Amino acid sequence: MNYYTPLAFLLWAYVSLWFLISLFKRRNDVADVAWGLGFVLVAWTSFFLAGGSGTRGLLVCILVSVWGVRLAWHIHARHRGKAEDFRYMAWRREWGKWVYARSYAQVYLLQGALLFIVALPVLMINRSTGTTFGFLNGIGACIWLFGFLCESVGDAELARFARDPHNRGKILQSGLWRYTRHPNYFGEVVQWWGIWVVAVGVPGGWFSIVGPLTITLLILKVSGIPMLEKKMAGNPDFAEYKRRTSVFVPWVPKR
């Protein structure tokens with residue numbers, strides 16, 4: 001059987017399970033928790049499916065696991081005790097009687113397809129039989145580490161800021177958030193480019209660039225920054241923060 005076929009079926013079963021969980025919990029934002037964990041599942045499954053050998057494969061599986069588990073736990077903690085995320089609530093109202101069918105298709109099945117595409121560098125690395133730890137592996141791991149620090153530190157700063165009741169209605173403008181309006185999104189994208197650098201060292205690995213390009217496009221143009229900034233636009237402090245602060249890549253604030 002083709003290497004990619006059982007992985008695709010696994011992802012279909014995985015997202016279908018999370019759809020059933022969403023029906024039980026009556027909230028579609030469980031898909032956000034499923035996102036990171038799905039990469040962990042696919043990474044290790046592909047690793048063992050390909051024979052479970054190779055330094056590069058083991059490296060990226062560990063990196064993906066650290067990222068995916070941390071992200072899933074962070075999102076779970078952020079959602080705990082709160083109403084459904086505003087994006088999913090808006091879709092629920094918009095979809096009306098078609099909410100279940102469209103949720104399954106446009107949230108869960110679509111997420112599974114995107115997850116498969118973004119994970120292509122990992123899948124190609126795991127399929128390779130190389131066992132040496134090359135120069136590109138080290139460079140890619142360093143890029144990934146930089147991105148992981150940006151995302152995890154940015155998330156921690158925002159969580160700490162949000163816990164203080166005195167900050168209600170305010171915008172975080174210190175720490176990493178002084179240099180970019182979305183340090184966590186920037187960090188996530190950088191991590192996937194780091195993994196792609198590792199993939200460049202395997203035969204045909206260049207073609208997996210579609211993975212980091214997809215996550216970059218999603219965050220910059222589709223479901224990440226645009227939706228969040230549309231929500232933030234109602235805050236009176238946002239216009240000045242937006243004028244002064246880089247949208248994505250960290251940079252010195254404008255005067």
# chains A, B, ... in the order shown; residues from 1 in each chain; ligands from 1

call {"tool": "residues_around", "arguments": {"residues": "range 5-21 of chain A", "least_positions_apart": "6", "cutoff": "9 Å", "atoms": "only C-alpha atoms", "output": "count of residues only"}}
result
20

call {"tool": "atom_distance", "arguments": {"atom1": "CA of Glu84 in chain A", "atom2": "CA of Val64 in chain A"}}
result
26.6 Å

call {"tool": "residues_around", "arguments": {"residues": "Asp32 in chain A", "least_positions_apart": "4", "cutoff": "8 Å", "atoms": "only C-alpha atoms", "output": "short mmCIF file (atom, residue, chain, number, x, y, z; two decimals) with C-alpha atoms, in the first residue's frame"}}
result
data_model
loop_
_atom_site.label_atom_id
_atom_site.label_comp_id
_atom_site.auth_asym_id
_atom_site.auth_seq_id
_atom_site.Cartn_x
_atom_site.Cartn_y
_atom_site.Cartn_z
CA GLY A 36 -1.45 20.32 17.31
CA ALA A 72 -2.85 21.76 22.51
CA ILE A 75 -5.43 26.19 23.85
#

call {"tool": "closest_residue", "arguments": {"among": "A:Trp144, A:Phe161, A:Trp206, A:Tyr88", "to": "Val189 in chain A", "atoms": "only C-alpha atoms"}}
result
A:Trp144

call {"tool": "atom_distance", "arguments": {"atom1": "CA of Met124 in chain A", "atom2": "CA of Cys142 in chain A"}}
result
19.8 Å

call {"tool": "atom_distance", "arguments": {"atom1": "CA of Asp85 in chain A", "atom2": "CA of Pro236 in chain A"}}
result
21.8 Å

call {"tool": "select_by_dssp", "arguments": {"residues": "range 14-237 of chain A", "states": "helix (DSSP H, G or I)", "output": "VMD selection string"}}
result
chain A and resid 14 to 25 30 to 49 55 to 79 86 to 118 120 to 127 135 to 163 165 to 167 175 to 178 183 to 199 205 to 222 225 to 232

call {"tool": "closest_residue", "arguments": {"among": "A:Trp251, A:Ser128, A:Asp237, A:Leu217", "to": "Pro203 in chain A", "atoms": "only C-alpha atoms"}}
result
A:Ser128

call {"tool": "residues_around", "arguments": {"residues": "Tyr179 in chain A", "least_positions_apart": "6", "cutoff": "10 Å", "atoms": "only C-alpha atoms", "output": "PDB file with N, CA and C atoms, in the first residue's frame"}}
result
ATOM      1  N   GLN A 173       0.966  45.387  24.895  1.00  0.00           N
ATOM      2  CA  GLN A 173       1.910  46.105  24.042  1.00  0.00           C
ATOM      3  C   GLN A 173       3.333  46.062  24.601  1.00  0.00           C
ATOM      4  N   ARG A 244       1.890  51.611  14.911  1.00  0.00           N
ATOM      5  CA  ARG A 244       3.225  51.622  15.483  1.00  0.00           C
ATOM      6  C   ARG A 244       3.947  50.276  15.390  1.00  0.00           C
ATOM      7  N   THR A 245       3.194  49.174  15.356  1.00  0.00           N
ATOM      8  CA  THR A 245       3.783  47.851  15.559  1.00  0.00           C
ATOM      9  C   THR A 245       3.695  46.988  14.301  1.00  0.00           C
ATOM     10  N   SER A 246       4.781  46.291  13.995  1.00  0.00           N
ATOM     11  CA  SER A 246       4.824  45.379  12.845  1.00  0.00           C
ATOM     12  C   SER A 246       3.731  44.321  12.984  1.00  0.00           C
ATOM     13  N   VAL A 247       3.101  43.976  11.871  1.00  0.00           N
ATOM     14  CA  VAL A 247       1.997  43.030  11.922  1.00  0.00           C
ATOM     15  C   VAL A 247       2.480  41.603  12.194  1.00  0.00           C
ATOM     16  N   PHE A 248       3.670  41.244  11.693  1.00  0.00           N
ATOM     17  CA  PHE A 248       4.066  39.834  11.755  1.00  0.00           C
ATOM     18  C   PHE A 248       5.527  39.655  12.161  1.00  0.00           C
ATOM     19  N   VAL A 249       6.447  40.082  11.322  1.00  0.00           N
ATOM     20  CA  VAL A 249       7.871  39.927  11.618  1.00  0.00           C
ATOM     21  C   VAL A 249       8.277  40.942  12.689  1.00  0.00           C
ATOM     22  N   PRO A 250       8.896  40.502  13.791  1.00  0.00           N
ATOM     23  CA  PRO A 250       9.305  41.445  14.847  1.00  0.00           C
ATOM     24  C   PRO A 250      10.197  42.559  14.302  1.00  0.00           C
ATOM     25  N   TRP A 251       9.880  43.797  14.679  1.00  0.00           N
ATOM     26  CA  TRP A 251      10.650  44.930  14.229  1.00  0.00           C
ATOM     27  C   TRP A 251      10.558  46.066  15.236  1.00  0.00           C
ATOM     28  N   VAL A 252      11.477  47.014  15.146  1.00  0.00           N
ATOM     29  CA  VAL A 252      11.490  48.138  16.063  1.00  0.00           C
ATOM     30  C   VAL A 252      10.215  48.962  15.861  1.00  0.00           C
ATOM     31  N   PRO A 253       9.494  49.305  16.938  1.00  0.00           N
ATOM     32  CA  PRO A 253       8.242  50.074  16.796  1.00  0.00           C
ATOM     33  C   PRO A 253       8.477  51.433  16.155  1.00  0.00           C
ATOM     34  N   LYS A 254       7.514  51.893  15.378  1.00  0.00           N
ATOM     35  CA  LYS A 254       7.585  53.214  14.779  1.00  0.00           C
ATOM     36  C   LYS A 254       7.338  54.272  15.857  1.00  0.00           C
TER      37      LYS A 254
END

call {"tool": "closest_residue", "arguments": {"among": "A:Ser208, A:Ala156, A:Gly224, A:Val40", "to": "Leu120 in chain A", "atoms": "only C-alpha atoms"}}
result
A:Ser208

call {"tool": "closest_residue", "arguments": {"among": "A:Gly234, A:Pro226, A:Gly211, A:Gly205", "to": "Leu136 in chain A", "atoms": "only C-alpha atoms"}}
result
A:Gly205
